[in-house]
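One structure below.
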Amino acid sequence: MAATTAVSTAPAPGRAGSGHALRRGGSLSRKVRNNLTGYLFMLGAVLCFAFFSWYPMVREFIMSFQRTRRGVTTWVGWDNYIRVWHDPAFATAWKNTAYFSLLALVFGYVLPFFIAVLLNELRHAQSYLRALVYLPVMLPPASALFLFAYAYQPDNSGIFNFILHSLHLPTSQWVQSTAMTMPSLVIASTWMNMGGAILIYLAALQNIPGELYEASELDGAGLLRRIWHVTVPQTRLILSLMFLLQVVATMQLFIEPLILAGGDGVEDHATSIVYLMYQHAFKEQDLNGAAALGVMLLVVLIGFSAVYARLSPRED
Amino acid sequence: MASNETATRTLIATARLNRPAARRIYWAIVIVVVIVFSLAFLGPLYWMVTGGLKSAHEIAQIPPTLFPKHPGLENYSDAWAQLSLGRLILNTLYYALGALAFQLVLDIGAAFAFSKLRPLFGNIVLGMMLATLMIPSTVLIIPQYVTVIDLPIFHWHMLDSPWAIWLPAVTNAFNIFLLKRFFDSIPSDLLAAAAIDGAGPLRQLWSIILPMSRPIIGVISIFSVTAVWKDFLWPLLVEPSPENRTVNVGLYAFSQGITQNVLVAGAVIAALPTIAFFLVFQRNIMSGLTTGSLKG
């Protein structure tokens, strides 16, 4: 359908005006009027994009090479980058963020897929289970995280430690122990966000033609082989897209450490890049340094996406 | 696609599950899954609600009590008052509905222009909008903040006003993409016929396109309201005054200096509107989730 509309308007007014339209001046003015109407309809959205999206993009780069002090703005070259680079928390923040991203991939990426495969096999209670896994996604994140803060109480008054203790497993200090800080954040974050991925995978699983399973079963493939040779290749595109989205999302870690670990956590074990950016901008009044950090994160994430898009499988 | 929807064969064939032994195993698995998932997803909510019913002493008790000993609602009324939750919820509702209104009017207008009016260079503008999907949202937060403090050209200070949430919400390229793709599937002949009858573009949009686009508009509305409700960093920056905070930010900002049991009660109250919203729109939310992601 899109193709036919494209054809009908394809002789663009600019080119068609060469002589054809001169004879019929009415048609030219109608085309101008049509164009103006079109611009009028998109004006509001274009202004919003210009002010809150396109301009900030340019401005971020400009700000990162400037310094504003007492209302005076000067160009300072790479100074902001050098300053944030030497921030003692800089390396830690990158390390923490990457670690969170990695852990979140292990839990938050693999787990929803297997849950979706499992739910897809059930012929009963489907809609109840779907609603269940999506419920946490709807909660305000602060609400869900305060719930986890409560469950993570480090002495045995916390429910997690109580359960572990009852099962005779070692208890944990959770966010107050340096080793468990990030895993604690990942558990909370996975619980909060997993539902969306599960539902998207479920929809993808339902589009797999049943004959493929039929055929592979006739070839003697067991359950695991069928998952590996039919389910995974058939959902490959959505799996690879979700991988990218998840990495980009988890690299922007902010609210989890802020609420569960007070922002930086014990000995900076929770500090993330976005938190560091927030600190620079609003605690140290260093918006330019924060912009430099923003550029770095932007370059890393766009770079990752570009490399990933190049390496990942294409639709065939 | 619709043909195999009726009896889609999945990993395990239904015929196999119908054997008596397999049947028993299947039901055992169903029961285990239902119990485990209920514990994992409703358990925490139970813990939160009962936590809010406990006294300050009981909530710190070792071991924790699974049922509150002297359940009382004081924490909930304290939380309501101390966190001024009524105010926070109303604020959030105001921001969410306003953002929805602006998104619907401006994004639908733009998508209609891109899809049907097709002015010169329209595709370039569309491409520039879609390109913003590549930019992770938090990365631009600093220059956006600076823009909101002093809007270029107009020198408009938007901090602490709802505009700071409403107008940036319009820059949702995914909405425009979904709407445009949906409008593309509506035959232009219908519009041409209406034009012959003398209907202008606005009339065509209002009387032909919009009534046919109810499903996609429903999806977009639900997700745009949820997005504002769940957003944290942006409202934290642009609505700094306590009386302008959103639920999400207010809960965090007021959390210092409040006892654990009151805070948990506050978290429960803050979650209630979204749970109610979910229960009402559950069907639309579930089907809407896959609209955007898959059928591209």
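Residue names in the structure tokens use chain letters A, B, ... in the order shown, residue numbers from 1 in each chain, and ligand numbers from 1 in the order shown.
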Select all residues from chain A having any atom no more than 6 Å from an atom of chain B (counting only C-alpha atoms, ignoring ligands), output as an mmCIF file with N, CA and C atoms, in the first residue's frame.
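File produced: selection.cif:
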data_model
loop_
_atom_site.group_PDB
_atom_site.id
_atom_site.type_symbol
_atom_site.label_atom_id
_atom_site.label_comp_id
_atom_site.auth_asym_id
_atom_site.auth_seq_id
_atom_site.Cartn_x
_atom_site.Cartn_y
_atom_site.Cartn_z
ATOM 1 N N ALA A 2 1.878 1.201 0.826
ATOM 2 C CA ALA A 2 2.787 2.334 0.898
ATOM 3 C C ALA A 2 3.392 2.587 -0.467
ATOM 4 N N ASN A 35 1.851 20.913 0.120
ATOM 5 C CA ASN A 35 3.081 20.825 0.897
ATOM 6 C C ASN A 35 2.977 21.615 2.185
ATOM 7 N N GLY A 38 1.015 19.848 4.714
ATOM 8 C CA GLY A 38 1.832 18.774 5.290
ATOM 9 C C GLY A 38 2.748 19.308 6.370
ATOM 10 N N PHE A 41 0.951 20.158 9.593
ATOM 11 C CA PHE A 41 0.583 19.014 10.420
ATOM 12 C C PHE A 41 1.769 18.477 11.223
ATOM 13 N N MET A 42 2.978 18.619 10.679
ATOM 14 C CA MET A 42 4.121 18.071 11.421
ATOM 15 C C MET A 42 4.834 19.122 12.256
ATOM 16 N N GLY A 44 4.243 20.885 15.034
ATOM 17 C CA GLY A 44 4.360 20.723 16.481
ATOM 18 C C GLY A 44 5.408 19.697 16.845
ATOM 19 N N ALA A 45 5.332 18.516 16.211
ATOM 20 C CA ALA A 45 6.282 17.453 16.524
ATOM 21 C C ALA A 45 7.692 17.873 16.132
ATOM 22 N N PHE A 49 10.923 17.975 18.582
ATOM 23 C CA PHE A 49 12.166 17.242 18.294
ATOM 24 C C PHE A 49 13.341 18.200 18.220
ATOM 25 N N PHE A 52 14.048 19.480 21.955
ATOM 26 C CA PHE A 52 14.326 18.528 23.028
ATOM 27 C C PHE A 52 15.082 17.287 22.572
ATOM 28 N N PRO A 56 19.638 19.291 21.643
ATOM 29 C CA PRO A 56 20.445 18.754 22.751
ATOM 30 C C PRO A 56 21.568 17.837 22.286
ATOM 31 N N GLU A 60 25.207 18.727 23.420
ATOM 32 C CA GLU A 60 25.998 17.879 24.307
ATOM 33 C C GLU A 60 27.476 17.916 23.905
ATOM 34 N N LEU A 139 4.688 -1.675 38.030
ATOM 35 C CA LEU A 139 4.889 -0.952 39.289
ATOM 36 C C LEU A 139 5.810 0.248 39.080
ATOM 37 N N PRO A 140 5.593 1.335 39.812
ATOM 38 C CA PRO A 140 6.585 2.407 39.779
ATOM 39 C C PRO A 140 7.911 1.837 40.298
ATOM 40 N N ALA A 142 10.372 2.936 41.906
ATOM 41 C CA ALA A 142 10.740 3.275 43.286
ATOM 42 C C ALA A 142 10.004 2.359 44.260
ATOM 43 N N SER A 143 8.739 2.093 43.980
ATOM 44 C CA SER A 143 7.944 1.197 44.817
ATOM 45 C C SER A 143 8.586 -0.182 44.892
ATOM 46 N N ASN A 156 18.855 -11.030 60.109
ATOM 47 C CA ASN A 156 17.884 -12.035 59.700
ATOM 48 C C ASN A 156 16.444 -11.557 59.745
ATOM 49 N N SER A 157 16.230 -10.243 59.864
ATOM 50 C CA SER A 157 14.866 -9.748 59.819
ATOM 51 C C SER A 157 14.398 -9.593 58.374
ATOM 52 N N ILE A 200 7.309 -10.821 24.842
ATOM 53 C CA ILE A 200 7.772 -10.664 23.458
ATOM 54 C C ILE A 200 8.271 -12.012 22.915
ATOM 55 N N GLY A 210 4.535 -25.300 13.410
ATOM 56 C CA GLY A 210 4.584 -26.573 14.122
ATOM 57 C C GLY A 210 5.258 -27.685 13.338
ATOM 58 N N GLY A 294 28.541 12.085 29.263
ATOM 59 C CA GLY A 294 27.430 11.705 28.401
ATOM 60 C C GLY A 294 27.918 11.358 27.001
#
Problem set entry | alpha helix (DSSP H) per DSSP on the backbone: members of segment 21-141 of chain A, as a ChimeraX atom specification | /A:21-23,25-49,55-64,79-85,89-104,110-121,126-138,141
Problem set entry | d(atom CA of Asn96 of chain A, atom CA of His269 of chain A) in Å |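 Interatomic distance, atom CA of Asn96 of chain A to atom CA of His269 of chain A: 6.8 Å.
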Exercise. Of the residues B:Leu73, B:Ile222, B:Phe154, B:Leu236, which is the one nearest to Leu258 of chain A, using only C-alpha atoms?
Worked result: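 Smallest distance to Leu258 of chain A is found for B:Leu236.
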Exercise. Suppose you want the space between atom CA of Met194 of chain A and atom CA of Pro112 of chain A; what is it in Å?
Worked result: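 Going from atom CA of Met194 of chain A over to atom CA of Pro112 of chain A covers 6.2 Å.
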For this session: May I ask which of the residues A:Arg236, A:Arg310, A:Lys283, A:Lys95 is the closest one to Thr271 of chain A, counting only C-alpha atoms?
Result: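 Nearest to Thr271 of chain A: A:Lys95.
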For this session: Would you kindly return, as a PyMOL selection string, each protein, DNA or RNA residue with an atom no farther than 12 Å from any atom of Leu297 of chain A, considering only C-alpha atoms and excluding same-chain residues fewer than 6 positions away?
Result: (chain A and resi 60+81+90+93-94+97-98+248-249+251-253+272-274+276-277+290-291+303-304) or (chain B and resi 135-141)
Exercise. In Å, with one decimal, what is the gap from atom CA of Leu145 of chain A to atom CA of Val186 of chain A?
Worked result: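 We find that atom CA of Leu145 of chain A and atom CA of Val186 of chain A lie 11.4 Å from each other.
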For this session: Determine the nearest neighbour of Ser312 of chain A from the options A:Ile187, A:Leu287, A:Leu244, A:Leu28, counting only C-alpha atoms.
Result: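 Selected residue with least distance to Ser312 of chain A: A:Leu244.
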Exercise. Between B:Lys180, B:His70, B:Arg16, B:Arg87, which has the minimum distance to Ala56 of chain B (counting only C-alpha atoms)?
Worked result: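 Checking each candidate against Ala56 of chain B, we get B:His70 as the closest.
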Exercise. Quick one: of B:Gly86, B:Gly52, B:Gly43, B:Pro20, who's nearest to Val262 of chain B, counting only C-alpha atoms?
Worked result: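 Looking only at the distances to Val262 of chain B, the closest residue turns out to be B:Gly52.
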